[in-house]
>>> print(open('structure-v5.txt').read())   # compact mmCIF, C-alpha atoms
# COMPACT_ATOMS: atom_id res chain seq x y z
CA MET A 1 12.84 -10.30 24.68
CA GLU A 2 11.31 -13.72 24.05
CA LEU A 3 10.24 -15.27 20.78
CA ASN A 4 6.56 -15.43 21.70
CA SER A 5 4.99 -16.78 18.49
CA ARG A 6 5.43 -19.39 15.77
CA VAL A 7 5.19 -19.63 12.00
CA ALA A 8 1.91 -21.37 11.19
CA GLN A 9 2.35 -21.25 7.42
CA LYS A 10 4.80 -19.88 4.89
CA VAL A 11 3.78 -19.57 1.25
CA GLU A 12 6.63 -18.68 -1.10
CA LEU A 13 5.07 -16.99 -4.12
CA THR A 14 8.53 -16.39 -5.63
CA SER A 15 12.06 -16.49 -4.22
CA GLU A 16 11.57 -12.85 -3.18
CA LEU A 17 7.90 -12.71 -2.22
CA MET A 18 5.99 -14.60 0.45
CA ILE A 19 2.91 -14.79 2.64
CA LEU A 20 3.67 -15.49 6.29
CA ARG A 21 1.11 -16.54 8.88
CA ILE A 22 2.03 -16.18 12.55
CA ILE A 23 0.25 -17.62 15.60
CA PRO A 24 0.87 -16.42 19.17
CA GLU A 25 2.02 -18.83 21.86
CA ASP A 26 0.06 -18.69 25.13
CA TRP A 27 -1.36 -15.21 24.49
CA SER A 28 -4.25 -13.79 22.49
CA LEU A 29 -4.04 -11.53 19.47
CA PRO A 30 -5.19 -7.98 20.25
CA ASP A 31 -7.99 -6.16 18.49
CA PHE A 32 -6.85 -4.01 15.59
CA GLU A 33 -8.18 -1.97 12.71
CA PRO A 34 -7.65 -3.09 9.09
CA GLY A 35 -4.70 -1.15 7.70
CA GLN A 36 -2.63 -1.22 10.87
CA PHE A 37 0.77 -2.86 11.29
CA ALA A 38 2.55 -5.17 13.70
CA VAL A 39 6.19 -5.66 14.65
CA LEU A 40 8.08 -8.85 13.81
CA GLY A 41 11.50 -9.74 15.16
CA LEU A 42 14.27 -12.33 15.06
CA PRO A 43 17.69 -12.43 16.74
CA GLY A 44 20.73 -11.51 14.69
CA SER A 45 21.93 -15.08 15.11
CA ALA A 46 18.99 -16.37 13.03
CA GLU A 47 19.79 -17.93 9.67
CA ARG A 48 19.56 -15.81 6.50
CA THR A 49 18.11 -17.02 3.21
CA MET A 50 20.53 -18.17 0.52
CA TYR A 51 19.16 -15.45 -1.76
CA SER A 52 20.36 -12.59 0.46
CA ASP A 53 23.53 -10.51 0.29
CA LEU A 54 26.45 -11.17 2.59
CA GLU A 55 26.25 -9.41 5.93
CA GLU A 56 28.96 -7.98 8.16
CA PRO A 57 29.30 -9.90 11.47
CA LEU A 58 26.97 -8.48 14.10
CA VAL A 59 28.32 -7.02 17.34
CA LYS A 60 25.38 -8.42 19.34
CA PRO A 61 23.94 -11.41 17.46
CA GLU A 62 21.63 -12.22 20.35
CA LYS A 63 19.84 -8.85 19.99
CA LEU A 64 16.44 -8.87 18.32
CA ILE A 65 16.14 -7.23 14.92
CA LYS A 66 12.63 -5.75 14.71
CA ARG A 67 10.65 -4.17 11.86
CA ALA A 68 7.03 -3.15 11.31
CA TYR A 69 4.90 -4.85 8.65
CA SER A 70 1.34 -4.14 7.54
CA ILE A 71 -1.18 -6.82 8.44
CA ALA A 72 -2.92 -8.56 5.53
CA SER A 73 -5.40 -10.70 7.46
CA SER A 74 -8.90 -9.69 8.51
CA SER A 75 -9.28 -7.93 11.84
CA GLU A 76 -12.06 -10.43 12.58
CA ASN A 77 -9.63 -13.36 12.38
CA LYS A 78 -8.16 -14.18 15.77
CA GLU A 79 -6.43 -17.44 14.82
CA TYR A 80 -3.37 -15.98 13.11
CA ILE A 81 -1.85 -12.79 11.71
CA GLU A 82 -0.88 -12.73 8.04
CA PHE A 83 1.88 -10.69 6.40
CA TYR A 84 2.79 -10.11 2.74
CA ILE A 85 6.55 -9.61 2.60
CA THR A 86 9.12 -8.92 -0.09
CA LEU A 87 12.79 -9.83 0.29
CA VAL A 88 15.27 -7.01 0.73
CA ARG A 89 18.50 -8.85 -0.09
CA SER A 90 20.69 -6.40 1.82
CA GLY A 91 18.20 -6.02 4.67
CA ALA A 92 18.67 -7.04 8.28
CA LEU A 93 15.36 -8.79 8.95
CA THR A 94 13.66 -9.94 5.72
CA PRO A 95 16.51 -12.33 4.76
CA ARG A 96 16.01 -13.98 8.15
CA LEU A 97 12.24 -14.08 7.73
CA PHE A 98 12.63 -15.80 4.37
CA ALA A 99 14.76 -18.50 5.98
CA LEU A 100 11.97 -19.43 8.41
CA LYS A 101 10.10 -22.71 8.22
CA SER A 102 6.69 -23.72 9.55
CA GLY A 103 6.92 -24.23 13.31
CA ASP A 104 9.87 -21.87 13.80
CA GLN A 105 9.69 -19.33 16.60
CA ILE A 106 9.46 -15.60 15.98
CA PHE A 107 8.77 -12.42 17.94
CA LEU A 108 5.43 -10.69 17.36
CA GLY A 109 4.76 -7.38 19.08
CA LYS A 110 1.60 -7.45 21.20
CA LYS A 111 0.48 -3.94 20.20
CA PHE A 112 -0.77 -3.29 16.68
CA THR A 113 -0.80 0.35 15.60
CA GLY A 114 -1.08 2.70 12.61
CA MET A 115 -3.29 5.47 11.25
CA PHE A 116 -3.83 4.12 7.71
CA THR A 117 -7.34 2.84 8.42
CA LEU A 118 -10.89 3.32 7.17
CA ASP A 119 -12.04 4.96 10.41
CA MET A 120 -11.40 8.36 8.85
CA ILE A 121 -13.63 7.71 5.82
CA ASP A 122 -17.42 8.01 5.55
CA GLN A 123 -18.94 4.52 5.29
CA ASN A 124 -20.88 5.45 2.16
CA ALA A 125 -17.96 6.99 0.27
CA ASN A 126 -16.51 5.24 -2.78
CA LEU A 127 -13.00 3.84 -2.27
CA VAL A 128 -10.13 3.70 -4.75
CA MET A 129 -7.17 1.70 -3.40
CA LEU A 130 -3.92 2.16 -5.33
CA SER A 131 -0.89 0.05 -4.44
CA THR A 132 2.43 -1.27 -5.63
CA GLY A 133 4.22 -4.42 -4.45
CA THR A 134 3.52 -5.42 -0.87
CA GLY A 135 1.67 -2.13 -0.40
CA LEU A 136 -1.33 -4.33 -1.19
CA ALA A 137 -1.21 -5.85 2.32
CA PRO A 138 -3.33 -3.31 4.24
CA TYR A 139 -5.96 -3.36 1.48
CA MET A 140 -6.27 -7.14 1.81
CA SER A 141 -6.96 -6.67 5.51
CA MET A 142 -9.56 -4.02 4.71
CA LEU A 143 -11.32 -6.03 2.00
CA ARG A 144 -11.30 -9.25 4.01
CA THR A 145 -12.95 -7.33 6.86
CA ILE A 146 -15.47 -5.01 5.20
CA LEU A 147 -16.67 -6.95 2.14
CA LYS A 148 -20.12 -8.20 3.02
CA PRO A 149 -23.34 -8.49 0.98
CA GLU A 150 -24.87 -5.50 2.73
CA ILE A 151 -21.96 -3.18 1.82
CA LYS A 152 -23.01 -1.16 -1.24
CA ARG A 153 -20.17 1.37 -1.58
CA ASN A 154 -18.12 1.12 -4.79
CA ILE A 155 -14.55 -0.13 -4.30
CA ALA A 156 -11.80 -0.20 -6.92
CA ILE A 157 -8.40 -1.69 -6.19
CA ALA A 158 -5.41 -1.40 -8.54
CA HIS A 159 -2.21 -3.31 -7.86
CA GLY A 160 1.01 -2.67 -9.76
CA ALA A 161 3.98 -5.05 -9.97
CA ARG A 162 6.81 -5.90 -12.37
CA HIS A 163 5.47 -9.27 -13.58
CA SER A 164 2.26 -11.27 -13.30
CA TRP A 165 3.88 -13.66 -10.81
CA ASP A 166 4.54 -10.70 -8.51
CA LEU A 167 0.80 -9.98 -8.22
CA GLY A 168 0.21 -11.59 -4.84
CA TYR A 169 -3.41 -12.38 -3.91
CA ARG A 170 -4.45 -12.09 -7.56
CA SER A 171 -6.55 -15.27 -7.46
CA GLU A 172 -8.32 -14.20 -4.28
CA LEU A 173 -9.03 -10.73 -5.64
CA MET A 174 -10.38 -12.15 -8.90
CA THR A 175 -12.70 -14.37 -6.86
CA LEU A 176 -13.84 -11.48 -4.68
CA LYS A 177 -14.52 -9.45 -7.82
CA THR A 178 -16.80 -12.23 -9.05
CA ILE A 179 -18.65 -12.46 -5.75
CA PHE A 180 -19.06 -8.73 -5.09
CA SER A 181 -20.39 -6.67 -8.00
CA ASN A 182 -19.35 -3.43 -6.30
CA LEU A 183 -15.66 -4.46 -6.29
CA ASN A 184 -13.38 -3.76 -9.25
CA TYR A 185 -9.86 -5.23 -9.37
CA ILE A 186 -7.21 -3.99 -11.81
CA PRO A 187 -3.86 -5.83 -11.91
CA ILE A 188 -1.05 -3.97 -13.68
CA ILE A 189 2.42 -5.12 -14.72
CA SER A 190 5.25 -2.92 -15.93
CA ARG A 191 7.31 -5.60 -17.71
CA THR A 192 5.90 -8.06 -20.23
CA LYS A 193 9.24 -9.62 -21.20
CA GLY A 194 9.53 -13.10 -19.74
CA GLU A 195 5.79 -13.66 -19.31
CA LYS A 196 4.98 -17.29 -20.15
CA MET A 197 1.56 -16.33 -21.47
CA GLU A 198 0.54 -13.16 -23.26
CA TRP A 199 -0.59 -10.60 -20.70
CA SER A 200 -4.05 -9.27 -21.50
CA GLY A 201 -4.31 -6.84 -18.60
CA GLN A 202 -3.06 -3.33 -18.03
CA ILE A 203 0.59 -2.55 -18.76
CA GLY A 204 2.54 0.33 -17.23
CA TYR A 205 2.32 2.05 -13.88
CA ILE A 206 -0.44 3.23 -11.58
CA GLN A 207 0.24 6.79 -12.74
CA ASP A 208 -0.18 5.77 -16.38
CA ILE A 209 -3.50 3.99 -16.07
CA TRP A 210 -5.07 6.74 -13.97
CA ALA A 211 -5.85 8.69 -17.15
CA GLN A 212 -8.10 5.75 -18.15
CA LYS A 213 -9.90 5.57 -14.81
CA GLN A 214 -13.34 6.35 -16.16
CA LYS A 215 -13.03 3.41 -18.56
CA LEU A 216 -11.55 1.07 -15.97
CA PHE A 217 -13.76 1.96 -13.01
CA PRO A 218 -17.53 1.32 -13.17
CA PHE A 219 -18.23 4.51 -11.20
CA ILE A 220 -17.35 8.20 -11.50
CA VAL A 221 -14.24 9.09 -9.51
CA ASP A 222 -15.20 12.44 -8.00
CA PRO A 223 -13.70 14.27 -4.99
CA LYS A 224 -17.24 14.84 -3.74
CA ASP A 225 -17.89 11.20 -2.90
CA THR A 226 -14.64 9.28 -3.46
CA HIS A 227 -11.63 8.70 -1.23
CA ILE A 228 -8.26 7.64 -2.65
CA LEU A 229 -5.86 5.41 -0.69
CA LEU A 230 -2.20 5.25 -1.74
CA CYS A 231 0.20 2.64 -0.43
CA GLY A 232 3.58 1.45 -1.68
CA ASN A 233 6.42 2.96 -3.68
CA PRO A 234 7.06 6.60 -2.62
CA SER A 235 7.58 7.58 -6.25
CA MET A 236 4.12 6.35 -7.16
CA ILE A 237 2.66 8.20 -4.20
CA ASP A 238 4.45 11.45 -5.06
CA ASP A 239 3.34 11.30 -8.70
CA MET A 240 -0.25 10.42 -7.80
CA MET A 241 -0.42 13.18 -5.21
CA LYS A 242 0.36 15.75 -7.92
CA ILE A 243 -2.21 14.27 -10.27
CA LEU A 244 -4.94 13.94 -7.65
CA MET A 245 -4.46 17.42 -6.24
CA SER A 246 -4.76 18.84 -9.76
CA GLU A 247 -8.12 17.04 -9.96
CA GLY A 248 -9.43 18.61 -6.76
CA PHE A 249 -8.54 15.94 -4.21
CA THR A 250 -6.84 16.99 -0.96
CA GLU A 251 -4.57 15.12 1.46
CA HIS A 252 -6.18 14.06 4.71
CA SER A 253 -4.82 15.09 8.10
CA LYS A 254 -6.26 15.32 11.59
CA LYS A 255 -6.38 19.10 11.39
CA SER A 256 -7.62 19.22 7.81
CA PRO A 257 -9.82 16.29 6.70
CA GLY A 258 -9.34 15.37 3.05
CA ASN A 259 -9.93 12.53 0.61
CA ILE A 260 -6.37 11.30 -0.07
CA HIS A 261 -4.90 8.87 2.47
CA LEU A 262 -1.38 7.53 2.12
CA GLU A 263 1.11 5.08 3.55
CA ARG A 264 4.67 5.11 2.22
CA TYR A 265 6.63 1.83 2.14
CA TRP A 266 10.37 2.36 2.67
>>> encode(input="structure-v5.txt", output="structure tokens")
Amino acid sequence: MELNSRVAQKVELTSELMILRIIPEDWSLPDFEPGQFAVLGLPGSAERTMYSDLEEPLVKPEKLIKRAYSIASSSENKEYIEFYITLVRSGALTPRLFALKSGDQIFLGKKFTGMFTLDMIDQNANLVMLSTGTGLAPYMSMLRTILKPEIKRNIAIAHGARHSWDLGYRSELMTLKTIFSNLNYIPIISRTKGEKMEWSGQIGYIQDIWAQKQKLFPFIVDPKDTHILLCGNPSMIDDMMKILMSEGFTEHSKKSPGNIHLERYW
């Protein structure tokens, strides 16, 4: 299977967190819905980053190692596909992705899929997007696609990470919050030790700040007109599911439409 694309840009936010932009070679990016994912791949012979763990020799180093990653770029952008990726030191693919440089070849699957989209939600419903780590990626795709002056629905997005430097897209989200009065952005960190400047934002976990939602969100979070999206750490999702269901929210499925939509990472 050929390496059919190239790295257009690599932005290393930290040694373990990056934004990767991929452009196809001699083929066009397919249409997709914000929230969907694409498959990236590299051969086992590809170099690994110096920050990764040692790996046992591969039996077939020429074989492609492939994994699915949520798309962070707008579905209206046909120039490149953007990914928000964290390093798994013991992983098979991410250490190789982190060793890439601009211009390097990579495999990009030509079919983008996934059910974690806004198609299932009424266009007038309020949205609360809760995420941890790189679980923010599908929300970036959604916001970059749907945020327009004519959109009046209320949107709140909360992103949890260990430290302030792990809050990818923070500057962009702060800017979007300034431009769109119906967007509320809440960055959260769980560890203040090591911060170079005193952190004035929320401290703790998504589950912790939920009790303060009516102070943090400029609209009433009600199951009647609000949909909750959960993406990231399975522990966060499990805890929030219990809390939300106790408040009258229900999980969405094809057979039983509800107002909780989730995507587990790892």
>>> closest_residue(input="structure-v5.txt", among="A:Lys224, A:Lys152, A:Arg144, A:Arg89", to="A:Ser73", atoms="all atoms listed in the file")
A:Arg144
>>> closest_residue(input="structure-v5.txt", among="A:Ser141, A:Ser15, A:Asn182, A:Gln9", to="A:Ile155", atoms="only C-alpha atoms")
A:Asn182
>>> atom_distance(input="structure-v5.txt", atom1="atom CA of A:Met120", atom2="atom CA of A:Asn154")
16.8 Å
>>> closest_residue(input="structure-v5.txt", among="A:Glu16, A:Phe107, A:Ala158, A:Tyr84", to="A:Leu3", atoms="all atoms listed in the file")
A:Phe107
>>> residues_around(input="structure-v5.txt", residues="A:Val59", least_positions_apart="4", cutoff="12 Å", atoms="all atoms listed in the file", output="list in words")
Pro43, Gly44, Ser45, Glu55 and Lys63 of chain A
>>> residues_around(input="structure-v5.txt", residues="stretch 195-200 of chain A", least_positions_apart="2", cutoff="8 Å", atoms="only C-alpha atoms", output="list in words")
His163, Ser164, Thr192, Lys193 and Gln202 of chain A
>>> residues_around(input="structure-v5.txt", residues="A:Leu229", least_positions_apart="3", cutoff="9 Å", atoms="all atoms listed in the file", output="VMD selection string")
chain A and resid 116 127 to 131 259 to 263
>>> closest_residue(input="structure-v5.txt", among="A:Pro57, A:Pro34, A:Pro187, A:Gly103", to="A:Asp166", atoms="only C-alpha atoms")
A:Pro187
>>> closest_residue(input="structure-v5.txt", among="A:Glu76, A:Glu12, A:Asp53, A:Asp104", to="A:Ser90", atoms="all atoms listed in the file")
A:Asp53
>>> atom_distance(input="structure-v5.txt", atom1="atom CA of A:Met245", atom2="atom CA of A:Asp208")
16.0 Å
>>> residues_around(input="structure-v5.txt", residues="A:Glu79", least_positions_apart="2", cutoff="9 Å", atoms="only C-alpha atoms", output="PyMOL selection string")
chain A and resi 22-24+28-29+77+81
>>> write_last_selection(input="structure-v5.txt", atoms="C-alpha atoms", output="PDB file, in the coordinates of the input")
ATOM      1  CA  ILE A  22       2.030 -16.180  12.550  1.00  0.00           C
ATOM      2  CA  ILE A  23       0.250 -17.620  15.600  1.00  0.00           C
ATOM      3  CA  PRO A  24       0.870 -16.420  19.170  1.00  0.00           C
ATOM      4  CA  SER A  28      -4.250 -13.790  22.490  1.00  0.00           C
ATOM      5  CA  LEU A  29      -4.040 -11.530  19.470  1.00  0.00           C
ATOM      6  CA  ASN A  77      -9.630 -13.360  12.380  1.00  0.00           C
ATOM      7  CA  ILE A  81      -1.850 -12.790  11.710  1.00  0.00           C
TER       8      ILE A  81
END
>>> residues_around(input="structure-v5.txt", residues="A:Gln207", least_positions_apart="4", cutoff="7 Å", atoms="only C-alpha atoms", output="ChimeraX atom specification")
/A:236,239-240
>>> residues_near_point(input="structure-v5.txt", point="(-5.5, 4.0, 9.3)", cutoff="12 Å", atoms="all atoms listed in the file", output="PyMOL selection string")
chain A and resi 32-37+70-71+112-121+138-139+141-142+229-231+252-254+260-263
>>> write_last_selection(input="structure-v5.txt", atoms="C-alpha atoms", output="JSON list (two decimals), in the coordinates of the input")
[["chain", "number", "residue", "atom", "x", "y", "z"],
["A", 32, "PHE", "CA", -6.85, -4.01, 15.59],
["A", 33, "GLU", "CA", -8.18, -1.97, 12.71],
["A", 34, "PRO", "CA", -7.65, -3.09, 9.09],
["A", 35, "GLY", "CA", -4.70, -1.15, 7.70],
["A", 36, "GLN", "CA", -2.63, -1.22, 10.87],
["A", 37, "PHE", "CA", 0.77, -2.86, 11.29],
["A", 70, "SER", "CA", 1.34, -4.14, 7.54],
["A", 71, "ILE", "CA", -1.18, -6.82, 8.44],
["A", 112, "PHE", "CA", -0.77, -3.29, 16.68],
["A", 113, "THR", "CA", -0.80, 0.35, 15.60],
["A", 114, "GLY", "CA", -1.08, 2.70, 12.61],
["A", 115, "MET", "CA", -3.29, 5.47, 11.25],
["A", 116, "PHE", "CA", -3.83, 4.12, 7.71],
["A", 117, "THR", "CA", -7.34, 2.84, 8.42],
["A", 118, "LEU", "CA", -10.89, 3.32, 7.17],
["A", 119, "ASP", "CA", -12.04, 4.96, 10.41],
["A", 120, "MET", "CA", -11.40, 8.36, 8.85],
["A", 121, "ILE", "CA", -13.63, 7.71, 5.82],
["A", 138, "PRO", "CA", -3.33, -3.31, 4.24],
["A", 139, "TYR", "CA", -5.96, -3.36, 1.48],
["A", 141, "SER", "CA", -6.96, -6.67, 5.51],
["A", 142, "MET", "CA", -9.56, -4.02, 4.71],
["A", 229, "LEU", "CA", -5.86, 5.41, -0.69],
["A", 230, "LEU", "CA", -2.20, 5.25, -1.74],
["A", 231, "CYS", "CA", 0.20, 2.64, -0.43],
["A", 252, "HIS", "CA", -6.18, 14.06, 4.71],
["A", 253, "SER", "CA", -4.82, 15.09, 8.10],
["A", 254, "LYS", "CA", -6.26, 15.32, 11.59],
["A", 260, "ILE", "CA", -6.37, 11.30, -0.07],
["A", 261, "HIS", "CA", -4.90, 8.87, 2.47],
["A", 262, "LEU", "CA", -1.38, 7.53, 2.12],
["A", 263, "GLU", "CA", 1.11, 5.08, 3.55]]
>>> residues_near_point(input="structure-v5.txt", point="(-18.0, 1.3, -8.3)", cutoff="12 Å", atoms="all atoms listed in the file", output="PyMOL selection string")
chain A and resi 124-129+151-157+177+180-185+213-222+225-226
>>> write_last_selection(input="structure-v5.txt", atoms="C-alpha atoms", output="PDB file, in the frame of the given file")
ATOM      1  CA  ASN A 124     -20.880   5.450   2.160  1.00  0.00           C
ATOM      2  CA  ALA A 125     -17.960   6.990   0.270  1.00  0.00           C
ATOM      3  CA  ASN A 126     -16.510   5.240  -2.780  1.00  0.00           C
ATOM      4  CA  LEU A 127     -13.000   3.840  -2.270  1.00  0.00           C
ATOM      5  CA  VAL A 128     -10.130   3.700  -4.750  1.00  0.00           C
ATOM      6  CA  MET A 129      -7.170   1.700  -3.400  1.00  0.00           C
ATOM      7  CA  ILE A 151     -21.960  -3.180   1.820  1.00  0.00           C
ATOM      8  CA  LYS A 152     -23.010  -1.160  -1.240  1.00  0.00           C
ATOM      9  CA  ARG A 153     -20.170   1.370  -1.580  1.00  0.00           C
ATOM     10  CA  ASN A 154     -18.120   1.120  -4.790  1.00  0.00           C
ATOM     11  CA  ILE A 155     -14.550  -0.130  -4.300  1.00  0.00           C
ATOM     12  CA  ALA A 156     -11.800  -0.200  -6.920  1.00  0.00           C
ATOM     13  CA  ILE A 157      -8.400  -1.690  -6.190  1.00  0.00           C
ATOM     14  CA  LYS A 177     -14.520  -9.450  -7.820  1.00  0.00           C
ATOM     15  CA  PHE A 180     -19.060  -8.730  -5.090  1.00  0.00           C
ATOM     16  CA  SER A 181     -20.390  -6.670  -8.000  1.00  0.00           C
ATOM     17  CA  ASN A 182     -19.350  -3.430  -6.300  1.00  0.00           C
ATOM     18  CA  LEU A 183     -15.660  -4.460  -6.290  1.00  0.00           C
ATOM     19  CA  ASN A 184     -13.380  -3.760  -9.250  1.00  0.00           C
ATOM     20  CA  TYR A 185      -9.860  -5.230  -9.370  1.00  0.00           C
ATOM     21  CA  LYS A 213      -9.900   5.570 -14.810  1.00  0.00           C
ATOM     22  CA  GLN A 214     -13.340   6.350 -16.160  1.00  0.00           C
ATOM     23  CA  LYS A 215     -13.030   3.410 -18.560  1.00  0.00           C
ATOM     24  CA  LEU A 216     -11.550   1.070 -15.970  1.00  0.00           C
ATOM     25  CA  PHE A 217     -13.760   1.960 -13.010  1.00  0.00           C
ATOM     26  CA  PRO A 218     -17.530   1.320 -13.170  1.00  0.00           C
ATOM     27  CA  PHE A 219     -18.230   4.510 -11.200  1.00  0.00           C
ATOM     28  CA  ILE A 220     -17.350   8.200 -11.500  1.00  0.00           C
ATOM     29  CA  VAL A 221     -14.240   9.090  -9.510  1.00  0.00           C
ATOM     30  CA  ASP A 222     -15.200  12.440  -8.000  1.00  0.00           C
ATOM     31  CA  ASP A 225     -17.890  11.200  -2.900  1.00  0.00           C
ATOM     32  CA  THR A 226     -14.640   9.280  -3.460  1.00  0.00           C
TER      33      THR A 226
END
>>> atom_distance(input="structure-v5.txt", atom1="atom CA of A:Ile186", atom2="atom CA of A:Ile243")
19.0 Å
